[in-house]
>>> print(open('structure.cif').read())   # mmCIF, C-alpha atoms, pLDDT in the B column; chains and numbers go by the auth columns
data_work
#
loop_
_atom_site.group_PDB
_atom_site.id
_atom_site.type_symbol
_atom_site.label_atom_id
_atom_site.label_comp_id
_atom_site.label_asym_id
_atom_site.label_seq_id
_atom_site.Cartn_x
_atom_site.Cartn_y
_atom_site.Cartn_z
_atom_site.B_iso_or_equiv
_atom_site.auth_seq_id
_atom_site.auth_asym_id
ATOM 1 C CA SER A 1 56.339 6.816 1.528 66.00 278 A
ATOM 2 C CA SER A 2 53.581 8.704 -0.267 74.00 279 A
ATOM 3 C CA LEU A 3 50.988 6.653 1.635 72.00 280 A
ATOM 4 C CA ASP A 4 52.471 7.723 4.973 78.00 281 A
ATOM 5 C CA ILE A 5 52.300 11.354 3.867 80.00 282 A
ATOM 6 C CA ILE A 6 48.636 10.947 2.911 80.00 283 A
ATOM 7 C CA ILE A 7 47.797 9.287 6.227 79.00 284 A
ATOM 8 C CA ASP A 8 49.656 11.970 8.174 84.00 285 A
ATOM 9 C CA THR A 9 47.784 14.724 6.321 82.00 286 A
ATOM 10 C CA ILE A 10 44.427 13.042 6.946 84.00 287 A
ATOM 11 C CA LYS A 11 45.170 12.678 10.655 81.00 288 A
ATOM 12 C CA LYS A 12 46.104 16.366 10.905 82.00 289 A
ATOM 13 C CA ILE A 13 42.796 17.364 9.324 79.00 290 A
ATOM 14 C CA MET A 14 40.955 15.033 11.681 80.00 291 A
ATOM 15 C CA SER A 15 42.802 16.534 14.627 78.00 292 A
ATOM 16 C CA TYR A 16 41.792 20.015 13.548 74.00 293 A
ATOM 17 C CA ARG A 17 38.158 18.950 13.273 74.00 294 A
ATOM 18 C CA ASP A 18 38.335 17.470 16.769 72.00 295 A
ATOM 19 C CA GLU A 19 39.676 20.790 17.970 72.00 296 A
ATOM 20 C CA ILE A 20 36.697 22.588 16.430 66.00 297 A
ATOM 21 C CA ASP A 21 34.310 20.123 18.074 66.00 298 A
ATOM 22 C CA SER A 22 35.892 20.719 21.461 65.00 299 A
ATOM 23 C CA LYS A 23 35.205 24.453 21.400 65.00 300 A
ATOM 24 C CA GLU A 24 32.022 25.670 23.006 50.00 301 A
ATOM 25 C CA ASP A 25 31.148 28.014 20.141 50.00 302 A
ATOM 26 C CA ALA A 26 31.945 25.554 17.376 50.00 303 A
ATOM 27 C CA ILE A 27 28.343 25.029 16.333 54.00 304 A
ATOM 28 C CA ASP A 28 27.748 28.759 15.990 53.00 305 A
ATOM 29 C CA LYS A 29 30.928 29.779 14.250 53.00 306 A
ATOM 30 C CA GLN A 30 33.024 27.048 12.681 51.00 307 A
ATOM 31 C CA HIS A 31 31.065 23.950 11.697 53.00 308 A
ATOM 32 C CA ASP A 32 30.287 25.421 8.295 54.00 309 A
ATOM 33 C CA LEU A 33 33.883 26.250 7.467 60.00 310 A
ATOM 34 C CA PRO A 34 35.241 24.305 4.456 60.00 311 A
ATOM 35 C CA VAL A 35 37.967 22.752 6.596 62.00 312 A
ATOM 36 C CA TYR A 36 35.340 21.066 8.766 62.00 313 A
ATOM 37 C CA HIS A 37 34.036 19.132 5.753 74.00 314 A
ATOM 38 C CA ARG A 38 37.411 18.476 4.172 81.00 315 A
ATOM 39 C CA ILE A 39 37.396 14.831 5.249 83.00 316 A
ATOM 40 C CA GLN A 40 34.339 14.203 3.062 87.00 317 A
ATOM 41 C CA TYR A 41 35.994 16.044 0.176 88.00 318 A
ATOM 42 C CA ILE A 42 39.096 13.866 0.471 88.00 319 A
ATOM 43 C CA LEU A 43 37.048 10.668 0.499 90.00 320 A
ATOM 44 C CA ASN A 44 35.061 11.763 -2.546 91.00 321 A
ATOM 45 C CA ASP A 45 38.311 12.562 -4.359 91.00 322 A
ATOM 46 C CA PHE A 46 39.656 9.101 -3.545 90.00 323 A
ATOM 47 C CA ILE A 47 36.456 7.521 -4.874 91.00 324 A
ATOM 48 C CA SER A 48 36.609 9.562 -8.089 91.00 325 A
ATOM 49 C CA HIS A 49 40.283 8.910 -8.850 89.00 326 A
ATOM 50 C CA ILE A 50 41.033 5.502 -7.320 89.00 327 A
ATOM 51 C CA ASN A 51 40.950 3.763 -10.706 85.00 328 A
ATOM 52 C CA GLN A 52 43.998 5.778 -11.751 86.00 329 A
ATOM 53 C CA PHE A 53 46.089 3.755 -9.292 85.00 330 A
ATOM 54 C CA ASN A 54 47.495 0.323 -10.047 84.00 331 A
ATOM 55 C CA ASN A 55 46.180 -2.710 -8.179 83.00 332 A
ATOM 56 C CA GLU A 56 49.048 -2.766 -5.702 83.00 333 A
ATOM 57 C CA LYS A 57 48.493 0.842 -4.654 83.00 334 A
ATOM 58 C CA LYS A 58 44.757 0.256 -4.402 86.00 335 A
ATOM 59 C CA LYS A 59 45.382 -2.382 -1.733 84.00 336 A
ATOM 60 C CA SER A 60 47.168 0.190 0.414 83.00 337 A
ATOM 61 C CA PHE A 61 43.919 2.122 0.754 86.00 338 A
ATOM 62 C CA TYR A 62 42.457 -0.519 3.078 87.00 339 A
ATOM 63 C CA SER A 63 44.404 0.948 5.989 84.00 340 A
ATOM 64 C CA ILE A 64 43.195 4.437 5.083 87.00 341 A
ATOM 65 C CA THR A 65 39.538 3.403 4.995 90.00 342 A
ATOM 66 C CA LEU A 66 39.811 2.030 8.519 89.00 343 A
ATOM 67 C CA ILE A 67 41.262 5.339 9.739 89.00 344 A
ATOM 68 C CA PHE A 68 38.299 7.214 8.271 89.00 345 A
ATOM 69 C CA LEU A 69 35.787 4.792 9.759 92.00 346 A
ATOM 70 C CA GLN A 70 37.289 4.831 13.230 88.00 347 A
ATOM 71 C CA PHE A 71 37.371 8.623 13.184 87.00 348 A
ATOM 72 C CA ASP A 72 33.722 9.079 12.190 88.00 349 A
ATOM 73 C CA LYS A 73 31.348 6.168 11.603 93.00 350 A
ATOM 74 C CA THR A 74 28.953 8.409 9.668 91.00 351 A
ATOM 75 C CA LEU A 75 31.549 8.375 6.889 93.00 352 A
ATOM 76 C CA ALA A 76 30.564 4.734 6.291 96.00 353 A
ATOM 77 C CA PRO A 77 28.622 5.392 3.036 96.00 354 A
ATOM 78 C CA LEU A 78 31.706 6.983 1.456 95.00 355 A
ATOM 79 C CA VAL A 79 34.079 4.427 2.963 96.00 356 A
ATOM 80 C CA GLY A 80 31.866 1.661 1.590 97.00 357 A
ATOM 81 C CA LYS A 81 32.032 3.104 -1.922 96.00 358 A
ATOM 82 C CA LEU A 82 35.811 3.327 -1.725 95.00 359 A
ATOM 83 C CA LEU A 83 36.090 -0.262 -0.479 95.00 360 A
ATOM 84 C CA ILE A 84 33.976 -1.481 -3.394 95.00 361 A
ATOM 85 C CA LYS A 85 36.011 0.469 -5.946 94.00 362 A
ATOM 86 C CA ILE A 86 39.353 -0.916 -4.732 93.00 363 A
ATOM 87 C CA ALA A 87 38.095 -4.524 -4.708 93.00 364 A
ATOM 88 C CA GLN A 88 39.766 -6.795 -7.257 92.00 365 A
ATOM 89 C CA ASN A 89 37.798 -9.980 -6.558 95.00 366 A
ATOM 90 C CA LYS A 90 34.871 -11.228 -4.494 96.00 367 A
ATOM 91 C CA GLU A 91 37.093 -11.876 -1.481 96.00 368 A
ATOM 92 C CA ASP A 92 38.167 -8.222 -1.499 95.00 369 A
ATOM 93 C CA ILE A 93 34.534 -7.128 -1.469 96.00 370 A
ATOM 94 C CA GLU A 94 33.787 -9.447 1.440 97.00 371 A
ATOM 95 C CA ASP A 95 36.851 -8.194 3.341 95.00 372 A
ATOM 96 C CA GLY A 96 35.633 -4.630 2.841 95.00 373 A
ATOM 97 C CA LEU A 97 32.160 -5.530 4.072 97.00 374 A
ATOM 98 C CA LYS A 98 33.672 -7.128 7.167 96.00 375 A
ATOM 99 C CA ILE A 99 35.495 -3.867 7.924 94.00 376 A
ATOM 100 C CA LEU A 100 32.161 -2.059 7.846 96.00 377 A
ATOM 101 C CA GLU A 101 30.335 -4.773 9.769 97.00 378 A
ATOM 102 C CA GLU A 102 32.913 -4.878 12.562 95.00 379 A
ATOM 103 C CA ASN A 103 32.799 -1.116 13.079 94.00 380 A
ATOM 104 C CA LEU A 104 29.073 -0.383 12.750 96.00 381 A
ATOM 105 C CA SER A 105 25.928 -1.373 14.586 96.00 382 A
ATOM 106 C CA LYS A 106 23.837 -4.057 12.877 96.00 383 A
ATOM 107 C CA ASN A 107 21.029 -1.683 11.911 96.00 384 A
ATOM 108 C CA TYR A 108 23.370 0.966 10.533 97.00 385 A
ATOM 109 C CA PHE A 109 25.414 -1.643 8.668 97.00 386 A
ATOM 110 C CA GLU A 110 22.271 -2.978 6.976 97.00 387 A
ATOM 111 C CA ARG A 111 21.258 0.553 6.050 96.00 388 A
ATOM 112 C CA ILE A 112 24.679 1.144 4.477 97.00 389 A
ATOM 113 C CA LEU A 113 24.372 -2.085 2.462 97.00 390 A
ATOM 114 C CA THR A 114 21.009 -0.901 1.156 96.00 391 A
ATOM 115 C CA GLU A 115 22.505 2.459 0.150 96.00 392 A
ATOM 116 C CA LEU A 116 25.456 0.784 -1.552 97.00 393 A
ATOM 117 C CA SER A 117 23.216 -1.580 -3.539 96.00 394 A
ATOM 118 C CA SER A 118 22.487 1.133 -6.108 94.00 395 A
ATOM 119 C CA PHE A 119 26.182 2.063 -6.240 95.00 396 A
ATOM 120 C CA ILE A 120 27.558 -1.423 -6.908 95.00 397 A
ATOM 121 C CA LYS A 121 25.237 -1.735 -9.905 92.00 398 A
ATOM 122 C CA LYS A 122 26.935 1.184 -11.689 91.00 399 A
ATOM 123 C CA THR A 123 29.355 0.330 -14.473 86.00 400 A
ATOM 124 C CA ASP A 124 32.255 2.244 -12.914 87.00 401 A
ATOM 125 C CA SER A 125 31.729 1.162 -9.306 91.00 402 A
ATOM 126 C CA CYS A 126 33.608 -2.133 -9.292 91.00 403 A
ATOM 127 C CA PRO A 127 35.672 -2.791 -12.436 86.00 404 A
ATOM 128 C CA PHE A 128 36.181 -6.505 -11.919 90.00 405 A
ATOM 129 C CA ILE A 129 32.404 -7.132 -11.761 94.00 406 A
ATOM 130 C CA GLN A 130 31.882 -5.328 -15.051 88.00 407 A
ATOM 131 C CA PHE A 131 34.325 -7.673 -16.792 91.00 408 A
ATOM 132 C CA LEU A 132 32.234 -10.706 -15.824 94.00 409 A
ATOM 133 C CA ASN A 133 29.742 -12.211 -18.237 94.00 410 A
ATOM 134 C CA VAL A 134 26.136 -12.566 -17.131 95.00 411 A
ATOM 135 C CA ASP A 135 26.495 -16.129 -15.818 95.00 412 A
ATOM 136 C CA GLU A 136 29.610 -15.193 -13.846 96.00 413 A
ATOM 137 C CA LYS A 137 27.760 -12.218 -12.367 96.00 414 A
ATOM 138 C CA LEU A 138 24.865 -14.454 -11.394 97.00 415 A
ATOM 139 C CA ASN A 139 27.203 -16.962 -9.738 97.00 416 A
ATOM 140 C CA LEU A 140 28.965 -14.131 -7.908 97.00 417 A
ATOM 141 C CA VAL A 141 25.723 -12.691 -6.571 98.00 418 A
ATOM 142 C CA GLU A 142 24.425 -16.131 -5.608 98.00 419 A
ATOM 143 C CA TRP A 143 27.636 -16.749 -3.646 98.00 420 A
ATOM 144 C CA PHE A 144 27.244 -13.490 -1.731 98.00 421 A
ATOM 145 C CA ILE A 145 23.563 -14.122 -1.055 97.00 422 A
ATOM 146 C CA LYS A 146 23.715 -17.771 -0.014 97.00 423 A
ATOM 147 C CA GLU A 147 27.208 -18.083 1.442 97.00 424 A
ATOM 148 C CA LYS A 148 27.776 -14.624 2.937 97.00 425 A
ATOM 149 C CA ASN A 149 24.264 -13.338 3.646 96.00 426 A
ATOM 150 C CA ARG A 150 24.831 -10.099 1.708 97.00 427 A
ATOM 151 C CA SER A 151 21.462 -9.970 -0.047 97.00 428 A
ATOM 152 C CA LEU A 152 20.896 -6.294 0.760 97.00 429 A
ATOM 153 C CA LEU A 153 23.989 -5.260 -1.173 97.00 430 A
ATOM 154 C CA PHE A 154 23.291 -7.267 -4.319 97.00 431 A
ATOM 155 C CA LEU A 155 19.492 -7.185 -4.579 96.00 432 A
ATOM 156 C CA ASP A 156 19.429 -4.175 -6.917 95.00 433 A
ATOM 157 C CA LEU A 157 22.112 -5.630 -9.199 95.00 434 A
ATOM 158 C CA LEU A 158 20.262 -8.934 -9.333 95.00 435 A
ATOM 159 C CA ILE A 159 16.769 -7.608 -10.033 94.00 436 A
ATOM 160 C CA ASN A 160 17.531 -4.585 -12.189 92.00 437 A
ATOM 161 C CA ASP A 161 20.488 -5.913 -14.144 93.00 438 A
ATOM 162 C CA ILE A 162 21.159 -9.651 -14.107 95.00 439 A
ATOM 163 C CA PHE A 163 17.528 -10.783 -14.324 93.00 440 A
ATOM 164 C CA LYS A 164 17.074 -8.555 -17.384 90.00 441 A
ATOM 165 C CA GLN A 165 20.068 -9.875 -19.315 90.00 442 A
ATOM 166 C CA SER A 166 19.492 -12.096 -22.311 86.00 443 A
ATOM 167 C CA GLY A 167 21.121 -15.495 -22.096 90.00 444 A
ATOM 168 C CA VAL A 168 21.070 -15.624 -18.305 92.00 445 A
ATOM 169 C CA ASN A 169 20.417 -19.009 -16.718 94.00 446 A
ATOM 170 C CA ARG A 170 16.710 -18.621 -16.102 92.00 447 A
ATOM 171 C CA GLU A 171 16.251 -21.648 -13.908 94.00 448 A
ATOM 172 C CA GLN A 172 19.079 -20.479 -11.653 95.00 449 A
ATOM 173 C CA CYS A 173 17.467 -17.029 -11.467 94.00 450 A
ATOM 174 C CA GLN A 174 14.112 -18.527 -10.582 93.00 451 A
ATOM 175 C CA ASN A 175 15.600 -20.667 -7.830 95.00 452 A
ATOM 176 C CA LEU A 176 17.491 -17.703 -6.400 96.00 453 A
ATOM 177 C CA LEU A 177 14.335 -15.614 -6.416 95.00 454 A
ATOM 178 C CA ARG A 178 12.522 -18.350 -4.488 95.00 455 A
ATOM 179 C CA TYR A 179 15.393 -18.460 -2.011 97.00 456 A
ATOM 180 C CA LEU A 180 15.182 -14.703 -1.412 97.00 457 A
ATOM 181 C CA ARG A 181 11.431 -14.902 -0.884 96.00 458 A
ATOM 182 C CA GLN A 182 12.148 -17.051 2.161 96.00 459 A
ATOM 183 C CA SER A 183 14.409 -14.399 3.689 95.00 460 A
ATOM 184 C CA LYS A 184 13.870 -13.400 7.307 94.00 461 A
ATOM 185 C CA ASN A 185 14.679 -9.828 6.312 95.00 462 A
ATOM 186 C CA LEU A 186 11.276 -8.307 5.616 95.00 463 A
ATOM 187 C CA PHE A 187 12.635 -5.683 3.213 94.00 464 A
ATOM 188 C CA ILE A 188 14.206 -8.372 1.021 96.00 465 A
ATOM 189 C CA LYS A 189 11.086 -10.500 1.243 95.00 466 A
ATOM 190 C CA GLU A 190 8.882 -7.555 0.287 95.00 467 A
ATOM 191 C CA GLN A 191 11.044 -6.658 -2.717 93.00 468 A
ATOM 192 C CA THR A 192 11.158 -10.200 -4.055 94.00 469 A
ATOM 193 C CA MET A 193 7.538 -11.141 -3.343 93.00 470 A
ATOM 194 C CA THR A 194 6.342 -8.188 -5.424 89.00 471 A
ATOM 195 C CA TYR A 195 8.828 -8.839 -8.231 89.00 472 A
ATOM 196 C CA CYS A 196 7.917 -10.861 -11.299 84.00 473 A
ATOM 197 C CA ILE A 197 10.561 -11.849 -13.836 78.00 474 A
ATOM 198 C CA SER A 198 9.333 -10.569 -17.185 74.00 475 A
ATOM 199 C CA TRP A 199 10.550 -13.269 -19.547 67.00 476 A
ATOM 200 C CA GLU A 200 8.112 -13.820 -22.373 54.00 477 A
ATOM 201 C CA ASP A 201 7.563 -17.122 -24.137 46.00 478 A
ATOM 202 C CA ALA A 202 10.371 -18.685 -22.122 44.00 479 A
ATOM 203 C CA GLU A 203 10.329 -22.223 -20.868 46.00 480 A
ATOM 204 C CA ILE A 204 12.540 -24.076 -18.448 43.00 481 A
ATOM 205 C CA ASN A 205 13.342 -27.684 -19.179 42.00 482 A
ATOM 206 C CA ASN A 206 12.068 -29.267 -16.004 41.00 483 A
ATOM 207 C CA ASP A 207 9.722 -32.147 -15.283 38.00 484 A
ATOM 208 C CA ASP A 208 6.589 -30.043 -15.624 35.00 485 A
ATOM 209 C CA GLN A 209 7.782 -27.908 -18.569 33.00 486 A
ATOM 210 C CA MET A 210 6.280 -24.869 -16.839 30.00 487 A
ATOM 211 C CA SER A 211 6.813 -21.428 -18.286 33.00 488 A
ATOM 212 C CA VAL A 212 8.745 -18.943 -16.182 36.00 489 A
ATOM 213 C CA SER A 213 5.763 -16.627 -15.945 38.00 490 A
ATOM 214 C CA ASP A 214 3.629 -19.492 -14.624 41.00 491 A
ATOM 215 C CA GLN A 215 6.281 -20.368 -12.067 41.00 492 A
ATOM 216 C CA SER A 216 6.452 -16.755 -10.903 41.00 493 A
ATOM 217 C CA SER A 217 2.707 -16.659 -10.413 41.00 494 A
ATOM 218 C CA ASP A 218 2.782 -19.894 -8.455 44.00 495 A
ATOM 219 C CA SER A 219 5.584 -18.582 -6.259 40.00 496 A
ATOM 220 C CA ASP A 220 3.671 -15.401 -5.535 42.00 497 A
ATOM 221 C CA ILE A 221 0.652 -17.410 -4.395 35.00 498 A
ATOM 222 C CA SER A 222 2.653 -19.765 -2.165 35.00 499 A
#
>>> encode(input="structure.cif", output="structure tokens")
Amino acid sequence: SSLDIIIDTIKKIMSYRDEIDSKEDAIDKQHDLPVYHRIQYILNDFISHINQFNNEKKKSFYSITLIFLQFDKTLAPLVGKLLIKIAQNKEDIEDGLKILEENLSKNYFERILTELSSFIKKTDSCPFIQFLNVDEKLNLVEWFIKEKNRSLLFLDLLINDIFKQSGVNREQCQNLLRYLRQSKNLFIKEQTMTYCISWEDAEINNDDQMSVSDQSSDSDIS
């Protein structure tokens, strides 16, 4: 099949790079050759053109991403982008994150999630997310944050996109922000403690009828 041909070609390129690494003079003479960086070029091409494939063919790329990751773990940022682009639902995203998590150290995995947070916010990064309305996006992000502990990946999307959308469920946003402020991850806590939702003249129908801006101030003090 065409997939087998692609995998075979990738493995040959990887084998050639291993051969370069095994030579004593590789650093001096061959590490800057285009062939040495061809793996990165291939991954970037996949990321750029993956949306031209149908959903069934996209699924076949899961096996390819694992080959890349097992060959060189420093390819994780590119592999992560590809996994996000081939995802067709939230379960696919979580499956992709598990592939990364199972093959990387905890610290490096968290760093990759932080890097990918700006990518997943882009309109062309994950097509199925872009088709969701604002409430569906909020529910999706809340599921990943509370059920899957993936706050690092979705923090940018939440703060710089969802929170700024008109018509979003403001009480749900406020509660999620409070939840994140209790995070044991100090980076997440720092980002959310210094963030203030900028809704003007908005009120939430709760027992105290407090404005959102008042609630944010109270949360910052507590």
>>> closest_atom_pairs(input="structure.cif", of="range 407-430 of chain A", to="range 371-394 of chain A", cutoff="9 Å", atoms="only C-alpha atoms", output="tab-separated table")
residue	atom	partner	partner_atom	distance
A:Phe421	CA	A:Glu371	CA	8.3
A:Lys425	CA	A:Glu371	CA	8.1
A:Arg427	CA	A:Leu390	CA	8.1
A:Ser428	CA	A:Leu390	CA	8.8
A:Leu429	CA	A:Thr391	CA	5.4
A:Leu430	CA	A:Ser394	CA	4.4
>>> closest_residue(input="structure.cif", among="A:Asn426, A:Gln365, A:Thr342, A:Asn416", to="Ile439 in chain A", atoms="only C-alpha atoms")
A:Asn416
>>> axis_aligned_box(input="structure.cif", around="range 439-452 of chain A", padding_each_side="6 Å", output="AutoDock Vina command-line options")
--center_x 17.6 --center_y -15.1 --center_z -15.1 --size_x 19.0 --size_y 25.1 --size_z 26.5
>>> residues_near_point(input="structure.cif", point="(48.5, 5.4, 1.4)", cutoff="6 Å", atoms="only C-alpha atoms", output="NGL selection string")
:A and (280-281 or 283 or 337-338)
>>> atom_distance(input="structure.cif", atom1="CA of Ser325 in chain A", atom2="CA of Ile361 in chain A")
12.3 Å
>>> resolve_selection(input="structure.cif", expression="the PyMOL selection byres ((chain A and resi 469) around 10)", output="list in words")
Leu432, Ile436, Leu454, Arg455, Tyr456, Leu457, Arg458, Gln459, Ser460, Leu463, Phe464, Ile465, Lys466, Glu467, Gln468, Met470, Thr471, Tyr472, Cys473, Ile474 and Asp497 of chain A
>>> atom_distance(input="structure.cif", atom1="CA of Lys335 in chain A", atom2="CA of Arg315 in chain A")
21.4 Å
>>> decode(input="structure.cif", residues="range 425-455 of chain A", atoms="N, CA and C atoms", output="PDB file, in the first residue's frame")
ATOM      1  N   LYS A 425      -9.146  15.190  32.193  1.00  0.00           N
ATOM      2  CA  LYS A 425      -7.917  14.620  31.641  1.00  0.00           C
ATOM      3  C   LYS A 425      -6.645  15.333  32.087  1.00  0.00           C
ATOM      4  N   ASN A 426      -6.797  16.391  32.865  1.00  0.00           N
ATOM      5  CA  ASN A 426      -5.637  17.119  33.387  1.00  0.00           C
ATOM      6  C   ASN A 426      -4.721  17.616  32.261  1.00  0.00           C
ATOM      7  N   ARG A 427      -5.326  18.231  31.246  1.00  0.00           N
ATOM      8  CA  ARG A 427      -4.565  18.751  30.107  1.00  0.00           C
ATOM      9  C   ARG A 427      -4.613  20.282  30.060  1.00  0.00           C
ATOM     10  N   SER A 428      -4.569  20.909  31.211  1.00  0.00           N
ATOM     11  CA  SER A 428      -4.706  22.365  31.279  1.00  0.00           C
ATOM     12  C   SER A 428      -3.642  23.088  30.469  1.00  0.00           C
ATOM     13  N   LEU A 429      -2.420  22.581  30.473  1.00  0.00           N
ATOM     14  CA  LEU A 429      -1.326  23.253  29.769  1.00  0.00           C
ATOM     15  C   LEU A 429      -1.607  23.391  28.278  1.00  0.00           C
ATOM     16  N   LEU A 430      -2.262  22.405  27.706  1.00  0.00           N
ATOM     17  CA  LEU A 430      -2.529  22.432  26.269  1.00  0.00           C
ATOM     18  C   LEU A 430      -3.628  23.423  25.906  1.00  0.00           C
ATOM     19  N   PHE A 431      -4.607  23.590  26.779  1.00  0.00           N
ATOM     20  CA  PHE A 431      -5.792  24.367  26.409  1.00  0.00           C
ATOM     21  C   PHE A 431      -5.883  25.731  27.088  1.00  0.00           C
ATOM     22  N   LEU A 432      -4.884  26.095  27.875  1.00  0.00           N
ATOM     23  CA  LEU A 432      -4.937  27.361  28.602  1.00  0.00           C
ATOM     24  C   LEU A 432      -4.983  28.557  27.656  1.00  0.00           C
ATOM     25  N   ASP A 433      -4.168  28.535  26.615  1.00  0.00           N
ATOM     26  CA  ASP A 433      -4.123  29.647  25.662  1.00  0.00           C
ATOM     27  C   ASP A 433      -5.452  29.785  24.919  1.00  0.00           C
ATOM     28  N   LEU A 434      -6.001  28.671  24.467  1.00  0.00           N
ATOM     29  CA  LEU A 434      -7.292  28.690  23.774  1.00  0.00           C
ATOM     30  C   LEU A 434      -8.386  29.238  24.683  1.00  0.00           C
ATOM     31  N   LEU A 435      -8.348  28.844  25.938  1.00  0.00           N
ATOM     32  CA  LEU A 435      -9.371  29.272  26.888  1.00  0.00           C
ATOM     33  C   LEU A 435      -9.291  30.771  27.155  1.00  0.00           C
ATOM     34  N   ILE A 436      -8.100  31.246  27.492  1.00  0.00           N
ATOM     35  CA  ILE A 436      -7.937  32.639  27.914  1.00  0.00           C
ATOM     36  C   ILE A 436      -7.990  33.614  26.737  1.00  0.00           C
ATOM     37  N   ASN A 437      -7.352  33.258  25.644  1.00  0.00           N
ATOM     38  CA  ASN A 437      -7.209  34.206  24.540  1.00  0.00           C
ATOM     39  C   ASN A 437      -8.217  34.022  23.412  1.00  0.00           C
ATOM     40  N   ASP A 438      -9.117  33.072  23.578  1.00  0.00           N
ATOM     41  CA  ASP A 438     -10.150  32.878  22.562  1.00  0.00           C
ATOM     42  C   ASP A 438     -11.530  32.750  23.212  1.00  0.00           C
ATOM     43  N   ILE A 439     -11.746  31.669  23.924  1.00  0.00           N
ATOM     44  CA  ILE A 439     -13.081  31.373  24.453  1.00  0.00           C
ATOM     45  C   ILE A 439     -13.572  32.453  25.406  1.00  0.00           C
ATOM     46  N   PHE A 440     -12.733  32.878  26.340  1.00  0.00           N
ATOM     47  CA  PHE A 440     -13.145  33.896  27.306  1.00  0.00           C
ATOM     48  C   PHE A 440     -13.526  35.215  26.631  1.00  0.00           C
ATOM     49  N   LYS A 441     -13.024  35.441  25.426  1.00  0.00           N
ATOM     50  CA  LYS A 441     -13.262  36.713  24.739  1.00  0.00           C
ATOM     51  C   LYS A 441     -14.450  36.660  23.778  1.00  0.00           C
ATOM     52  N   GLN A 442     -15.075  35.496  23.675  1.00  0.00           N
ATOM     53  CA  GLN A 442     -16.191  35.344  22.743  1.00  0.00           C
ATOM     54  C   GLN A 442     -17.486  35.876  23.355  1.00  0.00           C
ATOM     55  N   SER A 443     -18.252  36.577  22.543  1.00  0.00           N
ATOM     56  CA  SER A 443     -19.552  37.039  23.012  1.00  0.00           C
ATOM     57  C   SER A 443     -20.508  35.854  23.082  1.00  0.00           C
ATOM     58  N   GLY A 444     -21.378  35.870  24.049  1.00  0.00           N
ATOM     59  CA  GLY A 444     -22.361  34.805  24.183  1.00  0.00           C
ATOM     60  C   GLY A 444     -21.877  33.592  24.938  1.00  0.00           C
ATOM     61  N   VAL A 445     -20.618  33.604  25.388  1.00  0.00           N
ATOM     62  CA  VAL A 445     -20.102  32.463  26.133  1.00  0.00           C
ATOM     63  C   VAL A 445     -20.759  32.421  27.515  1.00  0.00           C
ATOM     64  N   ASN A 446     -20.895  31.239  28.052  1.00  0.00           N
ATOM     65  CA  ASN A 446     -21.479  31.072  29.385  1.00  0.00           C
ATOM     66  C   ASN A 446     -20.510  31.643  30.417  1.00  0.00           C
ATOM     67  N   ARG A 447     -20.823  32.818  30.909  1.00  0.00           N
ATOM     68  CA  ARG A 447     -19.876  33.537  31.758  1.00  0.00           C
ATOM     69  C   ARG A 447     -19.707  32.898  33.133  1.00  0.00           C
ATOM     70  N   GLU A 448     -20.774  32.370  33.660  1.00  0.00           N
ATOM     71  CA  GLU A 448     -20.660  31.722  34.964  1.00  0.00           C
ATOM     72  C   GLU A 448     -19.782  30.475  34.866  1.00  0.00           C
ATOM     73  N   GLN A 449     -19.935  29.726  33.785  1.00  0.00           N
ATOM     74  CA  GLN A 449     -19.107  28.541  33.578  1.00  0.00           C
ATOM     75  C   GLN A 449     -17.637  28.934  33.423  1.00  0.00           C
ATOM     76  N   CYS A 450     -17.385  30.031  32.710  1.00  0.00           N
ATOM     77  CA  CYS A 450     -16.017  30.528  32.558  1.00  0.00           C
ATOM     78  C   CYS A 450     -15.425  30.913  33.906  1.00  0.00           C
ATOM     79  N   GLN A 451     -16.216  31.616  34.697  1.00  0.00           N
ATOM     80  CA  GLN A 451     -15.741  32.069  35.998  1.00  0.00           C
ATOM     81  C   GLN A 451     -15.408  30.888  36.907  1.00  0.00           C
ATOM     82  N   ASN A 452     -16.251  29.885  36.889  1.00  0.00           N
ATOM     83  CA  ASN A 452     -16.009  28.701  37.717  1.00  0.00           C
ATOM     84  C   ASN A 452     -14.769  27.942  37.257  1.00  0.00           C
ATOM     85  N   LEU A 453     -14.567  27.889  35.945  1.00  0.00           N
ATOM     86  CA  LEU A 453     -13.394  27.198  35.414  1.00  0.00           C
ATOM     87  C   LEU A 453     -12.121  27.962  35.755  1.00  0.00           C
ATOM     88  N   LEU A 454     -12.209  29.281  35.718  1.00  0.00           N
ATOM     89  CA  LEU A 454     -11.053  30.093  36.094  1.00  0.00           C
ATOM     90  C   LEU A 454     -10.698  29.873  37.563  1.00  0.00           C
ATOM     91  N   ARG A 455     -11.698  29.804  38.418  1.00  0.00           N
ATOM     92  CA  ARG A 455     -11.445  29.521  39.837  1.00  0.00           C
ATOM     93  C   ARG A 455     -10.786  28.149  40.009  1.00  0.00           C
TER      94      ARG A 455
END
